[in-house]
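Structure data follow from final37.cif (mmCIF, C-alpha atoms):
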```cif
data_protein
#
loop_
_atom_site.group_PDB
_atom_site.id
_atom_site.type_symbol
_atom_site.label_atom_id
_atom_site.label_comp_id
_atom_site.auth_asym_id
_atom_site.auth_seq_id
_atom_site.Cartn_x
_atom_site.Cartn_y
_atom_site.Cartn_z
ATOM 1 C CA MET A 1 113.515 147.962 59.976
ATOM 2 C CA GLU A 2 110.375 148.308 62.089
ATOM 3 C CA ALA A 3 107.557 145.786 61.775
ATOM 4 C CA ASN A 4 104.896 146.473 59.174
ATOM 5 C CA PRO A 5 101.449 145.027 59.978
ATOM 6 C CA ARG A 6 100.647 144.888 56.243
ATOM 7 C CA SER A 7 103.843 143.124 55.248
ATOM 8 C CA THR A 8 103.973 139.669 53.710
ATOM 9 C CA GLY A 9 106.049 138.352 56.583
ATOM 10 C CA ARG A 10 109.330 138.660 54.738
ATOM 11 C CA LEU A 11 112.380 140.090 56.476
ATOM 12 C CA PRO A 12 113.491 143.584 55.431
ATOM 13 C CA ALA A 13 116.171 143.675 52.748
ATOM 14 C CA ALA A 14 118.776 144.792 55.304
ATOM 15 C CA PHE A 15 118.628 141.347 56.922
ATOM 16 C CA LEU A 16 119.154 139.559 53.620
ATOM 17 C CA THR A 17 122.088 141.617 52.365
ATOM 18 C CA PRO A 18 125.526 140.014 52.890
ATOM 19 C CA GLY A 19 127.630 142.135 55.187
ATOM 20 C CA SER A 20 129.929 142.178 58.185
ATOM 21 C CA SER A 21 129.944 139.496 60.856
ATOM 22 C CA SER A 22 129.801 142.322 63.416
ATOM 23 C CA PHE A 23 126.351 143.144 64.788
ATOM 24 C CA MET A 24 127.697 146.565 65.794
ATOM 25 C CA ASP A 25 128.595 147.277 62.159
ATOM 26 C CA PHE A 26 125.136 146.110 61.092
ATOM 27 C CA LEU A 27 123.444 148.551 63.463
ATOM 28 C CA THR A 28 125.847 151.345 62.523
ATOM 29 C CA GLU A 29 124.837 150.971 58.881
ATOM 30 C CA HIS A 30 121.085 150.394 59.199
ATOM 31 C CA GLN A 31 119.937 151.857 62.530
ATOM 32 C CA PRO A 32 122.767 153.821 64.185
ATOM 33 C CA GLU A 33 120.461 155.753 66.492
ATOM 34 C CA VAL A 34 119.864 152.699 68.692
ATOM 35 C CA LEU A 35 123.539 152.413 69.653
ATOM 36 C CA PRO A 36 124.154 153.813 73.162
ATOM 37 C CA GLY A 37 127.096 155.966 72.071
ATOM 38 C CA ASN A 38 125.044 157.720 69.374
ATOM 39 C CA ARG A 39 122.344 159.005 71.670
ATOM 40 C CA GLN A 40 122.126 162.731 72.315
ATOM 41 C CA LEU A 41 121.794 163.651 75.963
ATOM 42 C CA PRO A 42 119.678 166.675 76.865
ATOM 43 C CA PRO A 43 121.513 169.603 78.483
ATOM 44 C CA VAL A 44 121.457 169.423 82.268
ATOM 45 C CA GLN A 45 122.459 171.742 85.067
ATOM 46 C CA GLY A 46 124.846 170.234 87.564
ATOM 47 C CA THR A 47 125.407 166.514 88.140
ATOM 48 C CA VAL A 48 122.738 163.909 87.487
ATOM 49 C CA GLU A 49 122.748 161.065 89.972
ATOM 50 C CA VAL A 50 122.228 157.637 88.404
ATOM 51 C CA PRO A 51 122.748 154.154 89.870
ATOM 52 C CA HIS A 52 126.339 152.915 89.724
ATOM 53 C CA GLY A 53 127.530 149.382 90.267
ATOM 54 C CA THR A 54 130.728 148.163 91.912
ATOM 55 C CA THR A 55 132.831 146.020 92.681
ATOM 56 C CA ILE A 56 134.000 143.277 90.262
ATOM 57 C CA VAL A 57 136.868 140.846 90.931
ATOM 58 C CA ALA A 58 138.438 137.972 89.019
ATOM 59 C CA ALA A 59 141.106 135.352 89.699
ATOM 60 C CA SER A 60 142.568 132.609 87.563
ATOM 61 C CA PHE A 61 143.506 129.070 88.591
ATOM 62 C CA PRO A 62 145.113 126.249 86.581
ATOM 63 C CA GLY A 63 141.751 124.966 85.301
ATOM 64 C CA GLY A 64 140.065 128.260 84.445
ATOM 65 C CA VAL A 65 138.973 131.565 85.921
ATOM 66 C CA VAL A 66 136.511 132.909 88.516
ATOM 67 C CA LEU A 67 134.590 136.177 88.034
ATOM 68 C CA ALA A 68 132.498 137.638 90.846
ATOM 69 C CA GLY A 69 130.706 140.817 91.878
ATOM 70 C CA ASP A 70 128.994 142.299 94.901
ATOM 71 C CA ARG A 71 125.265 143.118 94.779
ATOM 72 C CA ARG A 72 125.068 146.824 95.691
ATOM 73 C CA ALA A 73 124.243 149.740 93.393
ATOM 74 C CA THR A 74 124.587 153.273 94.747
ATOM 75 C CA MET A 75 123.254 156.651 93.677
ATOM 76 C CA GLY A 76 125.382 159.286 95.360
ATOM 77 C CA ASN A 77 125.291 158.493 99.070
ATOM 78 C CA VAL A 78 122.124 156.389 98.726
ATOM 79 C CA ILE A 79 121.860 152.637 98.190
ATOM 80 C CA ALA A 80 119.843 152.419 94.975
ATOM 81 C CA GLN A 81 119.591 148.614 94.900
ATOM 82 C CA ARG A 82 120.807 145.893 97.237
ATOM 83 C CA ASP A 83 120.561 142.870 94.960
ATOM 84 C CA ILE A 84 121.674 144.020 91.505
ATOM 85 C CA GLU A 85 123.371 141.425 89.295
ATOM 86 C CA LYS A 86 126.664 142.620 87.808
ATOM 87 C CA VAL A 87 128.137 139.428 86.322
ATOM 88 C CA PHE A 88 126.725 137.960 83.109
ATOM 89 C CA PRO A 89 127.686 135.198 80.679
ATOM 90 C CA ALA A 90 128.966 136.631 77.389
ATOM 91 C CA ASP A 91 128.852 133.234 75.699
ATOM 92 C CA GLU A 92 129.628 129.625 76.566
ATOM 93 C CA TYR A 93 133.261 130.277 77.522
ATOM 94 C CA SER A 94 133.353 133.872 78.762
ATOM 95 C CA ALA A 95 131.694 136.296 81.151
ATOM 96 C CA VAL A 96 131.661 140.028 81.795
ATOM 97 C CA GLY A 97 131.277 141.933 85.057
ATOM 98 C CA ILE A 98 130.034 145.522 85.003
ATOM 99 C CA ALA A 99 131.171 148.553 86.963
ATOM 100 C CA GLY A 100 130.042 152.093 86.333
ATOM 101 C CA THR A 101 126.664 153.452 85.192
ATOM 102 C CA ALA A 102 124.387 150.487 85.792
ATOM 103 C CA GLY A 103 121.754 151.081 83.102
ATOM 104 C CA LEU A 104 124.256 151.669 80.304
ATOM 105 C CA ALA A 105 126.428 148.797 81.494
ATOM 106 C CA VAL A 106 123.583 146.257 81.368
ATOM 107 C CA GLU A 107 122.605 147.502 77.907
ATOM 108 C CA MET A 108 126.212 147.184 76.736
ATOM 109 C CA VAL A 109 126.395 143.607 78.026
ATOM 110 C CA LYS A 110 123.241 142.652 76.107
ATOM 111 C CA LEU A 111 124.657 144.216 72.954
ATOM 112 C CA PHE A 112 127.951 142.362 73.521
ATOM 113 C CA GLN A 113 126.087 139.069 73.860
ATOM 114 C CA LEU A 114 124.314 139.762 70.564
ATOM 115 C CA GLU A 115 127.624 140.687 68.950
ATOM 116 C CA LEU A 116 129.164 137.315 69.824
ATOM 117 C CA GLU A 117 126.042 135.367 68.863
ATOM 118 C CA HIS A 118 125.793 137.220 65.522
ATOM 119 C CA PHE A 119 129.428 136.447 64.702
ATOM 120 C CA GLU A 120 128.961 132.758 65.466
ATOM 121 C CA LYS A 121 125.854 132.505 63.282
ATOM 122 C CA VAL A 122 127.419 134.348 60.337
ATOM 123 C CA GLU A 123 130.877 132.740 60.465
ATOM 124 C CA GLY A 124 129.871 129.322 61.754
ATOM 125 C CA ALA A 125 132.584 129.425 64.420
ATOM 126 C CA GLN A 126 133.206 131.055 67.772
ATOM 127 C CA LEU A 127 135.312 134.182 68.003
ATOM 128 C CA SER A 128 138.619 133.650 69.805
ATOM 129 C CA LEU A 129 138.872 134.921 73.378
ATOM 130 C CA GLU A 130 141.301 137.588 72.181
ATOM 131 C CA GLY A 131 138.786 138.617 69.524
ATOM 132 C CA LYS A 132 135.990 138.833 72.093
ATOM 133 C CA ALA A 133 138.138 141.085 74.280
ATOM 134 C CA ASN A 134 138.850 143.325 71.273
ATOM 135 C CA ARG A 135 135.158 143.574 70.358
ATOM 136 C CA LEU A 136 134.316 144.650 73.902
ATOM 137 C CA SER A 137 137.091 147.252 73.738
ATOM 138 C CA THR A 138 135.501 148.731 70.601
ATOM 139 C CA MET A 139 132.108 148.920 72.284
ATOM 140 C CA ILE A 140 133.529 150.737 75.316
ATOM 141 C CA ARG A 141 135.340 153.196 73.034
ATOM 142 C CA SER A 142 132.076 153.955 71.239
ATOM 143 C CA ASN A 143 130.663 155.064 74.608
ATOM 144 C CA LEU A 144 133.440 157.619 75.163
ATOM 145 C CA GLY A 145 131.103 160.588 74.619
ATOM 146 C CA MET A 146 128.831 159.345 77.392
ATOM 147 C CA ALA A 147 131.830 158.626 79.617
ATOM 148 C CA MET A 148 133.044 162.215 79.269
ATOM 149 C CA GLN A 149 129.640 163.300 80.605
ATOM 150 C CA GLY A 150 129.970 161.080 83.655
ATOM 151 C CA LEU A 151 128.183 157.985 82.329
ATOM 152 C CA ALA A 152 131.166 155.655 82.170
ATOM 153 C CA VAL A 153 131.142 151.864 81.865
ATOM 154 C CA VAL A 154 134.289 149.978 82.926
ATOM 155 C CA PRO A 155 133.779 146.201 82.751
ATOM 156 C CA LEU A 156 135.984 143.258 83.616
ATOM 157 C CA PHE A 157 136.079 140.443 81.049
ATOM 158 C CA ALA A 158 137.191 136.886 81.743
ATOM 159 C CA GLY A 159 136.991 133.578 79.973
ATOM 160 C CA PHE A 160 138.532 130.229 79.204
ATOM 161 C CA ASP A 161 140.803 130.304 76.169
ATOM 162 C CA VAL A 162 140.141 126.981 74.443
ATOM 163 C CA ASP A 163 143.166 127.482 72.172
ATOM 164 C CA ARG A 164 145.599 128.016 75.044
ATOM 165 C CA GLY A 165 143.776 125.810 77.537
ATOM 166 C CA LYS A 166 143.708 128.349 80.377
ATOM 167 C CA GLY A 167 141.660 131.138 81.941
ATOM 168 C CA ARG A 168 142.429 134.755 81.025
ATOM 169 C CA ILE A 169 141.339 138.130 82.455
ATOM 170 C CA PHE A 170 141.045 141.497 80.669
ATOM 171 C CA SER A 171 140.509 144.925 82.246
ATOM 172 C CA TYR A 172 139.552 148.189 80.496
ATOM 173 C CA ASP A 173 139.600 151.943 80.951
ATOM 174 C CA VAL A 174 136.879 154.382 79.851
ATOM 175 C CA THR A 175 138.572 154.941 76.467
ATOM 176 C CA GLY A 176 138.414 151.229 75.619
ATOM 177 C CA GLY A 177 142.059 150.625 76.424
ATOM 178 C CA ARG A 178 142.520 146.916 77.119
ATOM 179 C CA SER A 179 145.003 145.220 79.426
ATOM 180 C CA GLU A 180 145.434 141.529 80.117
ATOM 181 C CA GLU A 181 145.803 140.901 83.831
ATOM 182 C CA ARG A 182 148.006 138.193 85.308
ATOM 183 C CA GLY A 183 146.491 136.105 88.055
ATOM 184 C CA PHE A 184 143.836 138.453 89.401
ATOM 185 C CA ALA A 185 142.135 141.788 88.764
ATOM 186 C CA ALA A 186 139.498 144.123 90.180
ATOM 187 C CA THR A 187 137.531 147.151 88.993
ATOM 188 C CA GLY A 188 135.103 149.562 90.587
ATOM 189 C CA SER A 189 135.230 151.806 93.633
ATOM 190 C CA GLY A 190 136.280 148.985 95.936
ATOM 191 C CA SER A 191 138.936 147.644 93.587
ATOM 192 C CA VAL A 192 141.865 149.086 95.547
ATOM 193 C CA PHE A 193 140.883 147.171 98.679
ATOM 194 C CA ALA A 194 139.886 144.015 96.784
ATOM 195 C CA ARG A 195 143.156 143.967 94.870
ATOM 196 C CA GLY A 196 145.121 144.347 98.098
ATOM 197 C CA ALA A 197 143.345 141.338 99.608
ATOM 198 C CA MET A 198 143.943 139.190 96.522
ATOM 199 C CA LYS A 199 147.594 140.204 96.376
ATOM 200 C CA LYS A 200 148.107 138.678 99.824
ATOM 201 C CA LEU A 201 146.229 135.436 99.145
ATOM 202 C CA PHE A 202 146.748 134.647 95.460
ATOM 203 C CA ARG A 203 148.887 131.668 94.413
ATOM 204 C CA GLU A 204 149.503 130.151 91.013
ATOM 205 C CA ASP A 205 148.387 126.698 92.179
ATOM 206 C CA LEU A 206 144.940 127.575 93.564
ATOM 207 C CA THR A 207 142.175 125.014 93.237
ATOM 208 C CA GLU A 208 138.768 126.077 91.930
ATOM 209 C CA ASP A 209 137.309 126.132 95.465
ATOM 210 C CA GLN A 210 140.229 128.222 96.735
ATOM 211 C CA ALA A 211 139.843 130.685 93.853
ATOM 212 C CA VAL A 212 136.143 131.059 94.712
ATOM 213 C CA THR A 213 137.013 131.682 98.363
ATOM 214 C CA LEU A 214 139.657 134.199 97.280
ATOM 215 C CA VAL A 215 137.271 136.396 95.267
ATOM 216 C CA VAL A 216 134.550 136.317 97.939
ATOM 217 C CA GLN A 217 137.164 137.217 100.580
ATOM 218 C CA ALA A 218 138.303 140.118 98.371
ATOM 219 C CA LEU A 219 134.718 141.403 98.037
ATOM 220 C CA TYR A 220 134.270 141.129 101.799
ATOM 221 C CA ASP A 221 137.426 143.175 102.421
ATOM 222 C CA ALA A 222 136.353 145.757 99.820
ATOM 223 C CA ALA A 223 132.960 146.135 101.521
ATOM 224 C CA ASP A 224 134.726 146.614 104.845
ATOM 225 C CA ASP A 225 136.401 149.818 103.583
ATOM 226 C CA ASP A 226 134.274 151.001 100.646
ATOM 227 C CA SER A 227 130.695 152.127 101.324
ATOM 228 C CA ALA A 228 129.671 151.570 97.685
ATOM 229 C CA THR A 229 130.516 147.859 97.891
ATOM 230 C CA GLY A 230 127.991 145.567 99.510
ATOM 231 C CA GLY A 231 129.137 142.718 101.718
ATOM 232 C CA PRO A 232 127.215 139.486 102.352
ATOM 233 C CA ASP A 233 123.738 140.409 103.645
ATOM 234 C CA LEU A 234 122.854 137.436 105.832
ATOM 235 C CA PRO A 235 119.378 138.589 107.027
ATOM 236 C CA ARG A 236 118.208 139.291 103.452
ATOM 237 C CA ARG A 237 120.087 136.304 102.004
ATOM 238 C CA ILE A 238 121.920 138.464 99.468
ATOM 239 C CA PHE A 239 125.309 137.057 98.535
ATOM 240 C CA PRO A 240 127.908 137.809 95.846
ATOM 241 C CA ILE A 241 127.363 136.542 92.317
ATOM 242 C CA VAL A 242 130.176 134.078 91.625
ATOM 243 C CA THR A 243 130.816 132.452 88.236
ATOM 244 C CA VAL A 244 133.373 129.882 87.152
ATOM 245 C CA ILE A 245 134.536 129.366 83.558
ATOM 246 C CA THR A 246 136.495 126.231 82.680
ATOM 247 C CA GLU A 247 136.886 123.929 79.679
ATOM 248 C CA ASP A 248 133.378 122.690 80.524
ATOM 249 C CA GLY A 249 131.996 126.190 79.975
ATOM 250 C CA PHE A 250 130.332 128.891 82.067
ATOM 251 C CA ARG A 251 128.798 128.028 85.423
ATOM 252 C CA LYS A 252 127.138 130.282 87.972
ATOM 253 C CA LEU A 253 127.328 129.170 91.576
ATOM 254 C CA THR A 254 123.963 128.498 93.173
ATOM 255 C CA GLU A 255 122.769 130.620 96.075
ATOM 256 C CA GLU A 256 123.511 127.731 98.426
ATOM 257 C CA GLU A 257 127.104 127.464 97.187
ATOM 258 C CA SER A 258 127.870 131.193 97.319
ATOM 259 C CA SER A 259 126.158 131.610 100.684
ATOM 260 C CA ALA A 260 128.193 128.758 102.193
ATOM 261 C CA VAL A 261 131.451 130.428 101.147
ATOM 262 C CA ALA A 262 130.295 133.861 102.329
ATOM 263 C CA ARG A 263 129.076 132.561 105.678
ATOM 264 C CA SER A 264 132.368 130.763 106.362
ATOM 265 C CA ILE A 265 134.289 133.989 105.718
ATOM 266 C CA VAL A 266 131.951 136.040 107.919
ATOM 267 C CA GLU A 267 132.266 133.521 110.766
ATOM 268 C CA ARG A 268 136.068 133.537 110.627
ATOM 269 C CA ARG A 269 136.231 137.315 110.498
ATOM 270 C CA GLN A 270 133.892 137.606 113.475
ATOM 271 C CA GLU A 271 136.478 135.740 115.498
ATOM 272 C CA GLN A 272 139.292 138.081 114.361
ATOM 273 C CA PRO A 273 137.693 141.205 112.806
ATOM 274 C CA ASP A 274 140.979 143.133 112.650
ATOM 275 C CA GLY A 275 143.377 140.229 112.909
ATOM 276 C CA PRO A 276 145.433 138.395 110.276
ATOM 277 C CA ARG A 277 143.809 137.327 107.032
ATOM 278 C CA ALA A 278 142.157 133.964 107.119
ATOM 279 C CA GLU A 279 143.797 131.186 105.154
ATOM 280 C CA LEU A 280 142.033 129.941 102.053
ATOM 281 C CA LEU A 281 140.111 126.707 102.505
#
```

Before anything else, please render the file you have as structure tokens.
Amino acid sequence: MEANPRSTGRLPAAFLTPGSSSFMDFLTEHQPEVLPGNRQLPPVQGTVEVPHGTTIVAASFPGGVVLAGDRRATMGNVIAQRDIEKVFPADEYSAVGIAGTAGLAVEMVKLFQLELEHFEKVEGAQLSLEGKANRLSTMIRSNLGMAMQGLAVVPLFAGFDVDRGKGRIFSYDVTGGRSEERGFAATGSGSVFARGAMKKLFREDLTEDQAVTLVVQALYDAADDDSATGGPDLPRRIFPIVTVITEDGFRKLTEEESSAVARSIVERRQEQPDGPRAELL
């Protein structure tokens, strides 16, 4: 399917043959070697250090769902990148946050975006949120060989279910096992600490602003105990990536919006660094 400089400009026959609405199936049939899970890794001695990204958190509220991630990528005990982006739109009504091997995770997200776009173009309709979650599960399962060699990708998927009229959150394991989370969820090395913070502050009747404050607070608490999670970096102006998905679609908070929330949390915690949790705004 590579370009031919002497061609007449027509698409290869593979693109004109009716087939599955799955872009993954299309690649599996016509160019399977480009799929991440089909690549052969060279033999190595010992452990290869590659950048890993953590931590991703999500929380639902009556009008939708919030998905957020810190900005740090680590490579062993070294900070590989301070401003990595780990939360991406999957389509108009869903988003995915990545944890695990950063390079593979970003590639998987791009392939997932293509998968959803391909389905919509072929079928003329959007895949249901449940269907999107299942497609992502299949993609993670196809990476199992890499995961067994230490190159695991464990995303967090969230979106607004237009059929049910509410936000939903899905978590995964390295085998592609999918679980729907109720209320809130976290993945990555700082997930234990983030989940503990959200457990104390989560309520069913949160407003959108309170849900945003909740996830940023959870990331702050995770960074306080987990060295692989980056907290708000005020001197460098690096703040968490925060996204909101409602019936109006996907929206990423601006730097000014996310920095205002992060700064308010930092200021309150400076007053009581080891005291009781601050109340949500």

Checklist entry - Near A:Thr55, counting all atoms listed in the file, which residues have an atom at most 12 Å away, once you skip same-chain residues fewer than 6 positions from it, shown as a PyMOL selection string? => result chain A and resi 67-74+84-87+97-100+102+154-156+185-195+215-216+218-223+226-231+240-241

Checklist entry - Hey, what comes out of the PyMOL selection byres ((chain A and resi 243) around 9) on this file? Could you write it as a ChimeraX atom specification? => result /A:65-68,87-89,95,212,241-242,244-245,250-253

Checklist entry - How many Å lie between atom CA of A:Ser258 and atom CA of A:Phe112, rounded to one decimal? => result 26.3 Å

Next on the checklist: Give me the residues near A:Ser94 as a ChimeraX atom specification, where near means some atom within 9 Å (using all atoms listed in the file) and where sequence neighbours in that chain fewer than 6 positions away do not count.
Outcome noted: /A:88,129,132,157-161,245,249-250

With C-alpha atoms kept, could you save the residues just selected as a PDB file, in the frame of the given file?
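Done, and the output landed in out30.pdb:
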```
ATOM      1  CA  PHE A  88     126.725 137.960  83.109  1.00  0.00           C
ATOM      2  CA  LEU A 129     138.872 134.921  73.378  1.00  0.00           C
ATOM      3  CA  LYS A 132     135.990 138.833  72.093  1.00  0.00           C
ATOM      4  CA  PHE A 157     136.079 140.443  81.049  1.00  0.00           C
ATOM      5  CA  ALA A 158     137.191 136.886  81.743  1.00  0.00           C
ATOM      6  CA  GLY A 159     136.991 133.578  79.973  1.00  0.00           C
ATOM      7  CA  PHE A 160     138.532 130.229  79.204  1.00  0.00           C
ATOM      8  CA  ASP A 161     140.803 130.304  76.169  1.00  0.00           C
ATOM      9  CA  ILE A 245     134.536 129.366  83.558  1.00  0.00           C
ATOM     10  CA  GLY A 249     131.996 126.190  79.975  1.00  0.00           C
ATOM     11  CA  PHE A 250     130.332 128.891  82.067  1.00  0.00           C
TER      12      PHE A 250
END
```

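Remark: for A:Gly165, the closest of the candidate residues A:Val266, A:Arg237, A:Gly64, A:Leu111 is A:Gly64 (distances computed over only C-alpha atoms).
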
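Between A:Ile169 and the candidates A:Met198, A:Val153, A:Met108, A:Val96, the tightest atom-to-atom separation, counting only C-alpha atoms, involves A:Val96.
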
Checklist entry - Which distance in Å separates atom CA of A:Arg182 and atom CA of A:Val57, to one decimal? => result 12.8 Å

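Summary of the local environment: counting only C-alpha atoms, residues at most 9 Å from A:Leu127, other than itself and those fewer than 6 positions away along its chain, are Leu116, Phe119 and Glu120 of chain A.
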
Checklist entry - For the atom pair atom CA of A:Ile265 and atom CA of A:Arg203, what is the interatomic distance in Å to one decimal place? => result 18.6 Å

Checklist entry - Which of these, A:Ala133, A:Val109, A:Glu115, A:Leu104, has the shortest distance to A:Gly150 once you count all atoms listed in the file? => result A:Leu104

Checklist entry - What do you get, as an MDAnalysis selection string, if you spell out every residue that the PyMOL selection byres ((chain A and resi 201) around 12) selects here? => result chainID A and resid 59 183:184 194:200 202:206 210:218 276:281

Item to check | Residues within 12 Å of (126.1, 154.7, 81.3), counting all atoms listed in the file, listed as a ChimeraX atom specification | outcome: /A:36-37,39,41,48-53,98-109,140,142-155,174

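Proximity ranking of A:Ile56, A:Leu136, A:Ile238, A:Ala262 relative to A:Arg82 places A:Ile238 first, based on only C-alpha atoms.
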